[in-house]
file coords.pdb (PDB, C-alpha atoms and all ligand atoms)
ATOM      1  CA  MET A   1     -50.901 -26.189  33.231
ATOM      2  CA  LYS A   2     -50.708 -24.126  30.068
ATOM      3  CA  TYR A   3     -50.827 -20.969  32.204
ATOM      4  CA  ILE A   4     -47.919 -22.162  34.439
ATOM      5  CA  PHE A   5     -45.808 -22.913  31.341
ATOM      6  CA  ILE A   6     -46.350 -19.409  29.953
ATOM      7  CA  VAL A   7     -45.395 -17.882  33.315
ATOM      8  CA  LEU A   8     -42.191 -19.953  33.428
ATOM      9  CA  ILE A   9     -41.206 -18.790  29.927
ATOM     10  CA  ALA A  10     -41.909 -15.157  30.901
ATOM     11  CA  VAL A  11     -39.727 -15.525  34.030
ATOM     12  CA  PHE A  12     -36.944 -17.103  31.941
ATOM     13  CA  ILE A  13     -37.026 -14.257  29.385
ATOM     14  CA  GLY A  14     -37.141 -11.709  32.224
ATOM     15  CA  CYS A  15     -34.024 -13.274  33.786
ATOM     16  CA  LYS A  16     -32.216 -13.202  30.442
ATOM     17  CA  GLU A  17     -33.034  -9.513  29.996
ATOM     18  CA  ASN A  18     -31.734  -8.686  33.455
ATOM     19  CA  GLU A  19     -28.424 -10.472  32.915
ATOM     20  CA  THR A  20     -25.498  -8.083  32.898
ATOM     21  CA  PRO A  21     -24.273  -7.872  29.300
ATOM     22  CA  LYS A  22     -20.832  -9.389  28.809
ATOM     23  CA  LYS A  23     -18.156  -6.752  28.421
ATOM     24  CA  GLU A  24     -16.081  -6.894  25.238
ATOM     25  CA  ALA A  25     -12.402  -7.252  26.112
ATOM     26  CA  VAL A  26     -10.823  -3.872  25.476
ATOM     27  CA  LYS A  27      -7.685  -4.304  23.390
ATOM     28  CA  GLU A  28      -4.652  -2.275  24.205
ATOM     29  CA  VAL A  29      -3.852  -0.026  21.258
ATOM     30  CA  ILE A  30      -0.253  -0.177  20.078
ATOM     31  CA  LYS A  31       0.811   3.244  18.829
ATOM     32  CA  PRO A  32       2.546   4.766  17.117
ATOM     33  CA  VAL A  33       3.265   2.196  14.406
ATOM     34  CA  VAL A  34       4.786   2.433  10.953
ATOM     35  CA  ILE A  35       5.009  -0.347   8.384
ATOM     36  CA  SER A  36       6.366  -0.151   4.880
ATOM     37  CA  THR A  37       7.255  -2.409   1.984
ATOM     38  CA  TRP A  38      10.616  -3.931   1.014
ATOM     39  CA  ASN A  39      14.189  -3.263   2.201
ATOM     40  CA  HIS A  40      13.883   0.424   1.364
ATOM     41  CA  GLY A  41      11.196   0.507   4.049
ATOM     42  CA  ILE A  42      13.941   0.611   6.702
ATOM     43  CA  ALA A  43      15.252   4.044   5.683
ATOM     44  CA  ALA A  44      11.704   5.251   5.121
ATOM     45  CA  ASN A  45      10.559   4.042   8.556
ATOM     46  CA  ASN A  46      13.503   5.795  10.219
ATOM     47  CA  VAL A  47      12.315   9.136   8.883
ATOM     48  CA  ALA A  48       8.651   8.403   9.598
ATOM     49  CA  TRP A  49       9.458   7.247  13.136
ATOM     50  CA  LYS A  50      11.200  10.532  14.001
ATOM     51  CA  ILE A  51       7.930  12.280  13.221
ATOM     52  CA  LEU A  52       5.651   9.741  14.902
ATOM     53  CA  SER A  53       7.706   9.366  18.070
ATOM     54  CA  SER A  54       7.690  13.092  18.643
ATOM     55  CA  GLY A  55       3.911  13.275  18.397
ATOM     56  CA  GLY A  56       3.727  14.191  14.700
ATOM     57  CA  SER A  57       0.908  13.165  12.385
ATOM     58  CA  ALA A  58       0.692   9.921  10.458
ATOM     59  CA  LEU A  59       0.151  11.989   7.315
ATOM     60  CA  ASP A  60       3.462  13.848   7.669
ATOM     61  CA  ALA A  61       5.181  10.595   8.609
ATOM     62  CA  VAL A  62       4.090   8.682   5.510
ATOM     63  CA  GLU A  63       4.848  11.541   3.130
ATOM     64  CA  GLN A  64       8.310  12.205   4.535
ATOM     65  CA  GLY A  65       9.006   8.496   4.926
ATOM     66  CA  VAL A  66       8.434   7.479   1.313
ATOM     67  CA  ARG A  67      10.330  10.498   0.014
ATOM     68  CA  THR A  68      13.537   8.709   1.076
ATOM     69  CA  ALA A  69      12.952   6.006  -1.531
ATOM     70  CA  GLU A  70      11.898   8.569  -4.144
ATOM     71  CA  ALA A  71      15.163  10.466  -3.657
ATOM     72  CA  ASN A  72      17.413   7.399  -3.591
ATOM     73  CA  PRO A  73      18.867   6.735  -7.088
ATOM     74  CA  ASP A  74      19.736   3.160  -6.058
ATOM     75  CA  VAL A  75      16.060   2.299  -5.590
ATOM     76  CA  GLN A  76      15.236   1.620  -9.225
ATOM     77  CA  THR A  77      11.517   1.141  -8.768
ATOM     78  CA  VAL A  78      10.623   4.496  -7.233
ATOM     79  CA  GLY A  79      11.259   8.166  -8.124
ATOM     80  CA  LEU A  80      14.761   9.254  -9.170
ATOM     81  CA  GLY A  81      16.546   6.438 -11.010
ATOM     82  CA  GLY A  82      13.332   4.477 -11.477
ATOM     83  CA  PHE A  83      13.246   2.077 -14.431
ATOM     84  CA  PRO A  84      11.754   3.784 -17.485
ATOM     85  CA  ASP A  85       9.049   2.612 -19.854
ATOM     86  CA  ARG A  86       9.749   1.080 -23.283
ATOM     87  CA  GLU A  87      10.470   4.524 -24.709
ATOM     88  CA  GLY A  88      13.067   5.319 -22.054
ATOM     89  CA  LYS A  89      10.798   7.690 -20.123
ATOM     90  CA  VAL A  90      10.569   7.579 -16.330
ATOM     91  CA  THR A  91       6.894   7.997 -15.453
ATOM     92  CA  LEU A  92       5.779   8.026 -11.830
ATOM     93  CA  ASP A  93       2.588   7.183  -9.935
ATOM     94  CA  ALA A  94       1.751   7.992  -6.309
ATOM     95  CA  CYS A  95      -1.089   8.518  -3.894
ATOM     96  CA  ILE A  96      -1.669   9.547  -0.298
ATOM     97  CA  MET A  97      -4.672   9.223   2.021
ATOM     98  CA  ASP A  98      -5.462  10.628   5.466
ATOM     99  CA  TYR A  99      -7.726   9.679   8.355
ATOM    100  CA  ASN A 100     -10.597  11.818   7.051
ATOM    101  CA  ASN A 101     -10.748   9.914   3.762
ATOM    102  CA  ASN A 102      -9.061  12.823   2.025
ATOM    103  CA  CYS A 103      -6.846  11.598  -0.757
ATOM    104  CA  GLY A 104      -4.652  12.853  -3.549
ATOM    105  CA  SER A 105      -3.032  11.115  -6.441
ATOM    106  CA  VAL A 106      -0.827  11.651  -9.477
ATOM    107  CA  ALA A 107      -0.243   9.282 -12.361
ATOM    108  CA  PHE A 108       1.994   9.215 -15.428
ATOM    109  CA  LEU A 109       3.935  12.142 -13.990
ATOM    110  CA  GLN A 110       7.341  12.856 -15.520
ATOM    111  CA  HIS A 111      10.360  14.915 -14.382
ATOM    112  CA  ILE A 112       9.307  15.388 -10.749
ATOM    113  CA  LYS A 113      11.303  13.510  -8.122
ATOM    114  CA  HIS A 114       8.685  13.578  -5.372
ATOM    115  CA  PRO A 115       5.311  12.557  -6.801
ATOM    116  CA  ILE A 116       4.065  11.780  -3.277
ATOM    117  CA  SER A 117       4.351  15.448  -2.338
ATOM    118  CA  VAL A 118       2.573  16.468  -5.525
ATOM    119  CA  ALA A 119      -0.180  13.990  -4.599
ATOM    120  CA  ARG A 120      -0.467  15.637  -1.183
ATOM    121  CA  LYS A 121      -0.773  19.040  -2.841
ATOM    122  CA  VAL A 122      -3.520  17.675  -5.104
ATOM    123  CA  MET A 123      -5.300  16.529  -1.933
ATOM    124  CA  GLU A 124      -4.868  19.791  -0.079
ATOM    125  CA  LYS A 125      -4.960  22.459  -2.769
ATOM    126  CA  THR A 126      -7.388  21.279  -5.426
ATOM    127  CA  PRO A 127     -11.033  20.208  -5.551
ATOM    128  CA  HIS A 128      -9.875  16.976  -7.238
ATOM    129  CA  ILE A 129      -8.269  13.711  -6.242
ATOM    130  CA  MET A 130      -6.250  12.693  -9.258
ATOM    131  CA  LEU A 131      -4.147  14.552 -11.816
ATOM    132  CA  VAL A 132      -2.305  12.789 -14.607
ATOM    133  CA  GLY A 133       0.397  13.380 -17.205
ATOM    134  CA  GLU A 134       0.888  16.903 -18.521
ATOM    135  CA  GLY A 135      -1.785  18.287 -16.183
ATOM    136  CA  ALA A 136      -0.060  16.795 -13.149
ATOM    137  CA  LEU A 137       3.288  18.188 -14.318
ATOM    138  CA  GLN A 138       1.811  21.635 -14.930
ATOM    139  CA  PHE A 139       0.260  21.614 -11.453
ATOM    140  CA  ALA A 140       3.529  20.466  -9.855
ATOM    141  CA  LEU A 141       5.479  23.275 -11.521
ATOM    142  CA  GLU A 142       2.863  25.818 -10.422
ATOM    143  CA  GLN A 143       3.309  24.520  -6.876
ATOM    144  CA  GLY A 144       7.040  25.155  -7.016
ATOM    145  CA  PHE A 145       8.357  21.643  -7.753
ATOM    146  CA  GLU A 146      11.428  21.534  -9.968
ATOM    147  CA  LYS A 147      11.718  19.749 -13.273
ATOM    148  CA  GLU A 148      14.569  17.210 -13.194
ATOM    149  CA  ASN A 149      16.030  14.449 -15.312
ATOM    150  CA  LEU A 150      15.083  11.285 -13.431
ATOM    151  CA  LEU A 151      16.897   8.846 -15.715
ATOM    152  CA  THR A 152      20.218   8.251 -13.946
ATOM    153  CA  GLU A 153      23.290   6.970 -15.783
ATOM    154  CA  LYS A 154      22.951   3.528 -14.158
ATOM    155  CA  THR A 155      19.280   3.184 -15.065
ATOM    156  CA  LYS A 156      19.986   4.426 -18.598
ATOM    157  CA  GLN A 157      22.565   1.649 -19.003
ATOM    158  CA  ASP A 158      20.057  -0.932 -17.727
ATOM    159  CA  TYR A 159      17.506   0.374 -20.198
ATOM    160  CA  GLU A 160      19.968   0.194 -23.091
ATOM    161  CA  ALA A 161      20.825  -3.390 -22.104
ATOM    162  CA  TRP A 162      17.111  -4.232 -22.047
ATOM    163  CA  LEU A 163      16.615  -2.632 -25.473
ATOM    164  CA  LEU A 164      18.923  -5.235 -27.060
ATOM    165  CA  LYS A 165      16.165  -7.833 -26.701
ATOM    166  CA  SER A 166      13.192  -5.642 -25.737
ATOM    167  CA  ASP A 167      11.616  -8.670 -24.132
ATOM    168  CA  TYR A 168       8.813  -7.726 -21.760
ATOM    169  CA  LYS A 169       8.972 -10.224 -18.949
ATOM    170  CA  PRO A 170       9.020  -8.903 -15.401
ATOM    171  CA  VAL A 171      11.590 -10.288 -12.990
ATOM    172  CA  ILE A 172       9.861 -11.334  -9.784
ATOM    173  CA  ASN A 173      10.732  -9.254  -6.711
ATOM    174  CA  ILE A 174      13.171  -7.126  -8.658
ATOM    175  CA  GLU A 175      11.306  -4.976 -11.081
ATOM    176  CA  ASN A 176       7.938  -6.466 -10.295
ATOM    177  CA  HIS A 177       7.289  -3.783  -8.981
ATOM    178  CA  ASP A 178       8.910  -2.803  -5.756
ATOM    179  CA  THR A 179       6.654   0.060  -4.912
ATOM    180  CA  ILE A 180       7.153   1.665  -1.563
ATOM    181  CA  SER A 181       3.882   1.641   0.337
ATOM    182  CA  MET A 182       3.728   2.896   3.907
ATOM    183  CA  LEU A 183       1.012   2.877   6.565
ATOM    184  CA  ALA A 184       1.177   4.682   9.904
ATOM    185  CA  LEU A 185      -0.854   5.056  13.073
ATOM    186  CA  ASP A 186       0.021   8.119  15.129
ATOM    187  CA  GLU A 187      -0.217   8.969  18.848
ATOM    188  CA  GLU A 188      -3.673  10.433  18.250
ATOM    189  CA  GLY A 189      -4.817   7.067  16.928
ATOM    190  CA  ASN A 190      -5.153   8.321  13.356
ATOM    191  CA  LEU A 191      -4.114   6.399  10.274
ATOM    192  CA  SER A 192      -2.586   7.579   7.008
ATOM    193  CA  GLY A 193      -0.977   5.875   4.042
ATOM    194  CA  ALA A 194       1.228   6.601   1.044
ATOM    195  CA  CYS A 195       2.272   4.689  -2.033
ATOM    196  CA  THR A 196       4.777   5.717  -4.718
ATOM    197  CA  THR A 197       6.431   3.966  -7.652
ATOM    198  CA  SER A 198       7.970   4.219 -11.092
ATOM    199  CA  GLY A 199       5.720   1.279 -11.958
ATOM    200  CA  ALA A 200       6.522  -1.735 -14.059
ATOM    201  CA  ALA A 201       9.917  -1.587 -15.720
ATOM    202  CA  TRP A 202       9.684  -1.404 -19.523
ATOM    203  CA  LYS A 203       5.930  -0.870 -19.394
ATOM    204  CA  MET A 204       4.028   0.541 -22.353
ATOM    205  CA  HIS A 205       4.174   4.333 -22.542
ATOM    206  CA  GLY A 206       1.142   5.620 -20.687
ATOM    207  CA  ARG A 207       0.636   2.530 -18.536
ATOM    208  CA  VAL A 208      -0.579   3.314 -15.024
ATOM    209  CA  GLY A 209      -0.570   0.677 -12.295
ATOM    210  CA  ASP A 210      -2.346   0.339  -8.970
ATOM    211  CA  SER A 211      -0.183   2.718  -6.953
ATOM    212  CA  PRO A 212      -2.083   5.929  -7.692
ATOM    213  CA  ILE A 213      -5.482   4.198  -7.624
ATOM    214  CA  ILE A 214      -7.224   4.706  -4.287
ATOM    215  CA  GLY A 215      -8.699   1.338  -3.331
ATOM    216  CA  ALA A 216      -6.199  -0.670  -5.363
ATOM    217  CA  GLY A 217      -2.708   0.427  -4.254
ATOM    218  CA  LEU A 218      -3.844   2.050  -1.018
ATOM    219  CA  PHE A 219      -6.950   2.385   1.100
ATOM    220  CA  LEU A 220      -7.862   3.177   4.660
ATOM    221  CA  ASP A 221     -10.834   3.712   6.871
ATOM    222  CA  ASN A 222      -9.889   5.388  10.120
ATOM    223  CA  GLU A 223     -12.490   3.334  12.009
ATOM    224  CA  VAL A 224     -11.042   0.043  10.802
ATOM    225  CA  GLY A 225      -7.520   0.059   9.399
ATOM    226  CA  ALA A 226      -5.334   0.632   6.387
ATOM    227  CA  ALA A 227      -3.859  -1.490   3.614
ATOM    228  CA  ALA A 228      -1.404  -0.990   0.773
ATOM    229  CA  ALA A 229       0.058  -3.057  -2.006
ATOM    230  CA  THR A 230       3.154  -3.823  -3.988
ATOM    231  CA  GLY A 231       3.714  -6.059  -6.992
ATOM    232  CA  MET A 232       1.949  -6.365 -10.307
ATOM    233  CA  GLY A 233      -0.522  -3.497 -10.201
ATOM    234  CA  GLU A 234      -2.947  -4.987 -12.704
ATOM    235  CA  ALA A 235      -3.797  -7.710 -10.166
ATOM    236  CA  MET A 236      -4.542  -5.194  -7.429
ATOM    237  CA  ILE A 237      -6.775  -3.177  -9.735
ATOM    238  CA  LYS A 238      -8.719  -6.296 -10.791
ATOM    239  CA  THR A 239      -9.545  -7.053  -7.160
ATOM    240  CA  ALA A 240      -9.746  -3.536  -5.641
ATOM    241  CA  GLY A 241      -7.087  -5.160  -3.459
ATOM    242  CA  SER A 242      -6.356  -2.644  -0.711
ATOM    243  CA  ALA A 243      -9.997  -1.673  -0.236
ATOM    244  CA  MET A 244     -10.862  -5.371   0.054
ATOM    245  CA  VAL A 245      -8.224  -5.926   2.734
ATOM    246  CA  VAL A 246      -9.745  -3.084   4.766
ATOM    247  CA  GLU A 247     -13.274  -4.465   4.317
ATOM    248  CA  LEU A 248     -12.145  -7.917   5.425
ATOM    249  CA  MET A 249     -10.606  -6.399   8.561
ATOM    250  CA  ARG A 250     -13.907  -4.593   9.165
ATOM    251  CA  HIS A 251     -15.574  -7.990   9.164
ATOM    252  CA  GLY A 252     -13.224  -9.337  11.801
ATOM    253  CA  LYS A 253     -10.191 -10.692   9.969
ATOM    254  CA  SER A 254      -6.742  -9.970  11.369
ATOM    255  CA  PRO A 255      -4.460  -7.883   9.123
ATOM    256  CA  GLU A 256      -2.593 -10.970   7.904
ATOM    257  CA  GLU A 257      -5.797 -12.994   7.355
ATOM    258  CA  ALA A 258      -7.281 -10.130   5.352
ATOM    259  CA  CYS A 259      -4.156  -9.792   3.173
ATOM    260  CA  LYS A 260      -4.111 -13.562   2.667
ATOM    261  CA  GLU A 261      -7.692 -13.712   1.488
ATOM    262  CA  VAL A 262      -7.112 -11.091  -1.197
ATOM    263  CA  VAL A 263      -3.884 -12.796  -2.338
ATOM    264  CA  GLU A 264      -5.899 -16.007  -2.641
ATOM    265  CA  ARG A 265      -8.509 -14.251  -4.772
ATOM    266  CA  ILE A 266      -5.713 -12.989  -7.034
ATOM    267  CA  TYR A 267      -4.215 -16.477  -7.249
ATOM    268  CA  LYS A 268      -7.598 -17.863  -8.300
ATOM    269  CA  ILE A 269      -7.887 -15.263 -11.078
ATOM    270  CA  TYR A 270      -4.424 -15.986 -12.478
ATOM    271  CA  LYS A 271      -4.275 -19.756 -11.923
ATOM    272  CA  GLY A 272      -3.911 -21.561 -15.222
ATOM    273  CA  TYR A 273      -2.640 -18.487 -17.078
ATOM    274  CA  PRO A 274       1.003 -17.921 -18.131
ATOM    275  CA  ASP A 275       1.131 -14.594 -16.219
ATOM    276  CA  LEU A 276       1.156 -16.558 -12.953
ATOM    277  CA  GLU A 277       4.714 -17.649 -13.732
ATOM    278  CA  TRP A 278       6.094 -14.189 -12.981
ATOM    279  CA  LEU A 279       3.320 -12.713 -10.867
ATOM    280  CA  GLN A 280       4.129 -11.295  -7.469
ATOM    281  CA  VAL A 281       1.714  -9.350  -5.279
ATOM    282  CA  GLY A 282       2.079  -8.366  -1.657
ATOM    283  CA  PHE A 283      -0.064  -6.488   0.830
ATOM    284  CA  ILE A 284       0.664  -4.838   4.152
ATOM    285  CA  ALA A 285      -2.127  -3.983   6.591
ATOM    286  CA  LEU A 286      -2.443  -2.134   9.884
ATOM    287  CA  ASN A 287      -5.575  -1.987  11.967
ATOM    288  CA  LYS A 288      -6.903   0.605  14.384
ATOM    289  CA  ASN A 289      -5.419  -1.274  17.352
ATOM    290  CA  GLY A 290      -1.946  -1.077  15.882
ATOM    291  CA  GLU A 291      -1.937  -4.757  14.881
ATOM    292  CA  TYR A 292      -0.214  -5.340  11.566
ATOM    293  CA  GLY A 293       0.277  -8.105   9.061
ATOM    294  CA  SER A 294       1.212  -8.965   5.528
ATOM    295  CA  TYR A 295       0.898 -11.678   2.916
ATOM    296  CA  CYS A 296       2.217 -12.203  -0.591
ATOM    297  CA  LEU A 297       1.855 -14.612  -3.479
ATOM    298  CA  ARG A 298       5.358 -16.060  -3.521
ATOM    299  CA  PRO A 299       8.506 -15.822  -1.386
ATOM    300  CA  GLY A 300      10.724 -12.784  -1.546
ATOM    301  CA  PHE A 301       8.521  -9.975  -0.330
ATOM    302  CA  ASN A 302       9.445  -8.364   2.967
ATOM    303  CA  TYR A 303       8.371  -5.352   4.976
ATOM    304  CA  ALA A 304       9.852  -3.087   7.642
ATOM    305  CA  ILE A 305       8.038  -2.550  10.928
ATOM    306  CA  GLN A 306       8.675  -0.083  13.730
ATOM    307  CA  THR A 307       6.774   0.290  17.009
ATOM    308  CA  ASN A 308       7.791   1.290  20.532
ATOM    309  CA  THR A 309       8.950  -2.288  21.092
ATOM    310  CA  ILE A 310      10.094  -3.348  17.611
ATOM    311  CA  ASN A 311      13.143  -1.540  16.376
ATOM    312  CA  ASN A 312      12.606  -1.226  12.638
ATOM    313  CA  GLU A 313      12.884  -4.890  11.706
ATOM    314  CA  LEU A 314      12.644  -6.479   8.288
ATOM    315  CA  VAL A 315      10.149  -9.336   8.223
ATOM    316  CA  ASP A 316       9.630 -11.878   5.429
ATOM    317  CA  ALA A 317       5.958 -12.051   4.543
ATOM    318  CA  ASN A 318       4.162 -15.387   4.496
ATOM    319  CA  PHE A 319       3.266 -16.565   1.004
ATOM    320  CA  LYS A 320       0.890 -18.789  -0.939
ATOM    321  CA  ILE A 321       3.018 -20.580  -3.559
ATOM    322  CA  LYS A 322       6.683 -21.351  -4.159
TER     323      LYS A 322
HETATM  324  N1  LIG B   1       2.601  -1.831  -8.002
HETATM  325  C1  LIG B   1       3.159  -0.940  -8.883
HETATM  326  C2  LIG B   1       2.789  -1.107 -10.286
HETATM  327  O1  LIG B   1       2.359  -2.147 -10.711
HETATM  328  O2  LIG B   1       2.908  -0.159 -11.022
END
call {"tool": "encode", "arguments": {"input": "coords.pdb", "output": "structure tokens", "more": "lines below"}}
Ligand code: GLY
result
Amino acid sequence: MKYIFIVLIAVFIGCKENETPKKEAVKEVIKPVVISTWNHGIAANNVAWKILSSGGSALDAVEQGVRTAEANPDVQTVGLGGFPDREGKVTLDACIMDYNNNCGSVAFLQHIKHPISVARKVMEKTPHIMLVGEGALQFALEQGFEKENLLTEKTKQDYEAWLLKSDYKPVINIENHDTISMLALDEEGNLSGACTTSGAAWKMHGRVGDSPIIGAGLFLDNEVGAAAATGMGEAMIKTAGSAMVVELMRHGKSPEEACKEVVERIYKIYKGYPDLEWLQVGFIALNKNGEYGSYCLRPGFNYAIQTNTINNELVDANFKIK
């Protein structure tokens, strides 16, 4: 009897081994795709899409795309015309990352309108990843970038109005801090990302936020997906926000689910503290299949999305609290 039982088990295991393994459903990859933060994402996507739709690289698309916001004096949270720090100085942060995990970054850079292009040069022309302050400026000038006054008349007036009270309290979704972050997937199936900002308005001189910090403001893994952030940079640094979103996608979460989980971690950290009153954070994410998503802490954050079937639409992100 015992012998028959063992034989039956062996036959059962044998059958199991011979079963044809179930095939994983192969997902159709949507490409190219470009997604970027806030209203200024529309103009940025238009430029990026021209590159992507003609077979260009995601890296070129994200660099050229975010340059539109850097050059636009009406976008007061990025590049030219960006809100200055408490001393009236416009200081810029930016980073860029490609599908080979190459990255470049500049922080606390003054007088240069296109920090994203300086960041790309750091990536491509130096053995380093990050240059800051005077060193970043020196490098930019050596690379042929021009020194400019970035404080426009309008922004100067806003600064002078702020000086009357000098009260440091960010205004949600206005100066808090509408970084342009952009992620793209090109025809080749490669991802890249870029992030550029003038940072928190009226920040302390020398303050650097998440935008030039690889892993906080931007991260990607070409096998998994990409993520980028906007909002109060300190919160993204505390949680390694963008890197976490990518890791959560690696473990099976959809882009929106991954963004949501990190926003919830941030909420938990800030709950019960006065900073929560004016905290806004938002993430965008794009996975290897071209699926995208977003999530933010409170209403007001939107993103622009362009694919072959979506014509550069603005979408309001889902949020955690009112
Ligand atoms: N997210 C931009 C900043 O906090 O500087």
call {"tool": "residues_near_ligand", "arguments": {"input": "coords.pdb", "ligand": "ligand LIG 1 (chain B)", "cutoff": "10 Å", "atoms": "all atoms listed in the file", "output": "PDB file with C-alpha atoms, keeping the file's coordinate frame"}}
result
ATOM      1  CA  THR A  77      11.517   1.141  -8.768  1.00  0.00           C
ATOM      2  CA  VAL A  78      10.623   4.496  -7.233  1.00  0.00           C
ATOM      3  CA  LEU A  92       5.779   8.026 -11.830  1.00  0.00           C
ATOM      4  CA  ASP A  93       2.588   7.183  -9.935  1.00  0.00           C
ATOM      5  CA  ALA A  94       1.751   7.992  -6.309  1.00  0.00           C
ATOM      6  CA  GLU A 175      11.306  -4.976 -11.081  1.00  0.00           C
ATOM      7  CA  ASN A 176       7.938  -6.466 -10.295  1.00  0.00           C
ATOM      8  CA  HIS A 177       7.289  -3.783  -8.981  1.00  0.00           C
ATOM      9  CA  ASP A 178       8.910  -2.803  -5.756  1.00  0.00           C
ATOM     10  CA  THR A 179       6.654   0.060  -4.912  1.00  0.00           C
ATOM     11  CA  ILE A 180       7.153   1.665  -1.563  1.00  0.00           C
ATOM     12  CA  SER A 181       3.882   1.641   0.337  1.00  0.00           C
ATOM     13  CA  CYS A 195       2.272   4.689  -2.033  1.00  0.00           C
ATOM     14  CA  THR A 196       4.777   5.717  -4.718  1.00  0.00           C
ATOM     15  CA  THR A 197       6.431   3.966  -7.652  1.00  0.00           C
ATOM     16  CA  SER A 198       7.970   4.219 -11.092  1.00  0.00           C
ATOM     17  CA  GLY A 199       5.720   1.279 -11.958  1.00  0.00           C
ATOM     18  CA  ALA A 200       6.522  -1.735 -14.059  1.00  0.00           C
ATOM     19  CA  ALA A 201       9.917  -1.587 -15.720  1.00  0.00           C
ATOM     20  CA  LYS A 203       5.930  -0.870 -19.394  1.00  0.00           C
ATOM     21  CA  ARG A 207       0.636   2.530 -18.536  1.00  0.00           C
ATOM     22  CA  VAL A 208      -0.579   3.314 -15.024  1.00  0.00           C
ATOM     23  CA  GLY A 209      -0.570   0.677 -12.295  1.00  0.00           C
ATOM     24  CA  ASP A 210      -2.346   0.339  -8.970  1.00  0.00           C
ATOM     25  CA  SER A 211      -0.183   2.718  -6.953  1.00  0.00           C
ATOM     26  CA  PRO A 212      -2.083   5.929  -7.692  1.00  0.00           C
ATOM     27  CA  ALA A 216      -6.199  -0.670  -5.363  1.00  0.00           C
ATOM     28  CA  GLY A 217      -2.708   0.427  -4.254  1.00  0.00           C
ATOM     29  CA  ALA A 228      -1.404  -0.990   0.773  1.00  0.00           C
ATOM     30  CA  ALA A 229       0.058  -3.057  -2.006  1.00  0.00           C
ATOM     31  CA  THR A 230       3.154  -3.823  -3.988  1.00  0.00           C
ATOM     32  CA  GLY A 231       3.714  -6.059  -6.992  1.00  0.00           C
ATOM     33  CA  MET A 232       1.949  -6.365 -10.307  1.00  0.00           C
ATOM     34  CA  GLY A 233      -0.522  -3.497 -10.201  1.00  0.00           C
ATOM     35  CA  GLU A 234      -2.947  -4.987 -12.704  1.00  0.00           C
ATOM     36  CA  ALA A 235      -3.797  -7.710 -10.166  1.00  0.00           C
ATOM     37  CA  MET A 236      -4.542  -5.194  -7.429  1.00  0.00           C
ATOM     38  CA  ILE A 237      -6.775  -3.177  -9.735  1.00  0.00           C
ATOM     39  CA  GLN A 280       4.129 -11.295  -7.469  1.00  0.00           C
ATOM     40  CA  VAL A 281       1.714  -9.350  -5.279  1.00  0.00           C
ATOM     41  CA  GLY A 282       2.079  -8.366  -1.657  1.00  0.00           C
TER      42      GLY A 282
END
call {"tool": "resolve_selection", "arguments": {"input": "coords.pdb", "expression": "the PyMOL selection byres (((chain A and resi 244) around 9) and not hetatm)", "output": "PDB file with C-alpha atoms, in the frame of the given file"}}
result
ATOM      1  CA  GLY A 215      -8.699   1.338  -3.331  1.00  0.00           C
ATOM      2  CA  ALA A 216      -6.199  -0.670  -5.363  1.00  0.00           C
ATOM      3  CA  PHE A 219      -6.950   2.385   1.100  1.00  0.00           C
ATOM      4  CA  ALA A 227      -3.859  -1.490   3.614  1.00  0.00           C
ATOM      5  CA  THR A 239      -9.545  -7.053  -7.160  1.00  0.00           C
ATOM      6  CA  ALA A 240      -9.746  -3.536  -5.641  1.00  0.00           C
ATOM      7  CA  GLY A 241      -7.087  -5.160  -3.459  1.00  0.00           C
ATOM      8  CA  SER A 242      -6.356  -2.644  -0.711  1.00  0.00           C
ATOM      9  CA  ALA A 243      -9.997  -1.673  -0.236  1.00  0.00           C
ATOM     10  CA  VAL A 245      -8.224  -5.926   2.734  1.00  0.00           C
ATOM     11  CA  VAL A 246      -9.745  -3.084   4.766  1.00  0.00           C
ATOM     12  CA  GLU A 247     -13.274  -4.465   4.317  1.00  0.00           C
ATOM     13  CA  LEU A 248     -12.145  -7.917   5.425  1.00  0.00           C
ATOM     14  CA  MET A 249     -10.606  -6.399   8.561  1.00  0.00           C
ATOM     15  CA  ALA A 258      -7.281 -10.130   5.352  1.00  0.00           C
ATOM     16  CA  CYS A 259      -4.156  -9.792   3.173  1.00  0.00           C
ATOM     17  CA  VAL A 262      -7.112 -11.091  -1.197  1.00  0.00           C
TER      18      VAL A 262
END
call {"tool": "residues_around", "arguments": {"input": "coords.pdb", "residues": "range 133-147 of chain A", "least_positions_apart": "5", "cutoff": "8 Å", "atoms": "all atoms listed in the file", "output": "list in words"}}
result
Val106, Ala107, Phe108, Leu109, Gln110, His111, Ile112, Val118 and Lys121 of chain A
call {"tool": "atom_distance", "arguments": {"input": "coords.pdb", "atom1": "CA of Gln64 in chain A", "atom2": "CA of Lys154 in chain A"}}
result
25.3 Å
call {"tool": "residues_near_point", "arguments": {"input": "coords.pdb", "point": "(-3.0, -14.0, -5.6)", "cutoff": "8 Å", "atoms": "all atoms listed in the file", "output": "PyMOL selection string"}}
result
chain A and resi 235+262-270+280-281+296-297+320
call {"tool": "residues_around", "arguments": {"input": "coords.pdb", "residues": "range 29-34 of chain A", "least_positions_apart": "6", "cutoff": "6 Å", "atoms": "all atoms listed in the file", "output": "PyMOL selection string"}}
result
chain A and resi 183-187+289-290+305-307
call {"tool": "residues_around", "arguments": {"input": "coords.pdb", "residues": "Gly41 in chain A", "least_positions_apart": "4", "cutoff": "9 Å", "atoms": "all atoms listed in the file", "output": "list in words"}}
result
Ile35, Ser36, Thr37, Asn45, Asn46, Gly65, Val66, Ala69, Ile180, Ser181, Met182, Tyr303, Ala304, Ile305, Asn312 and Leu314 of chain A
call {"tool": "atom_distance", "arguments": {"input": "coords.pdb", "atom1": "CA of Ile116 in chain A", "atom2": "CA of Lys238 in chain A"}}
result
23.4 Å
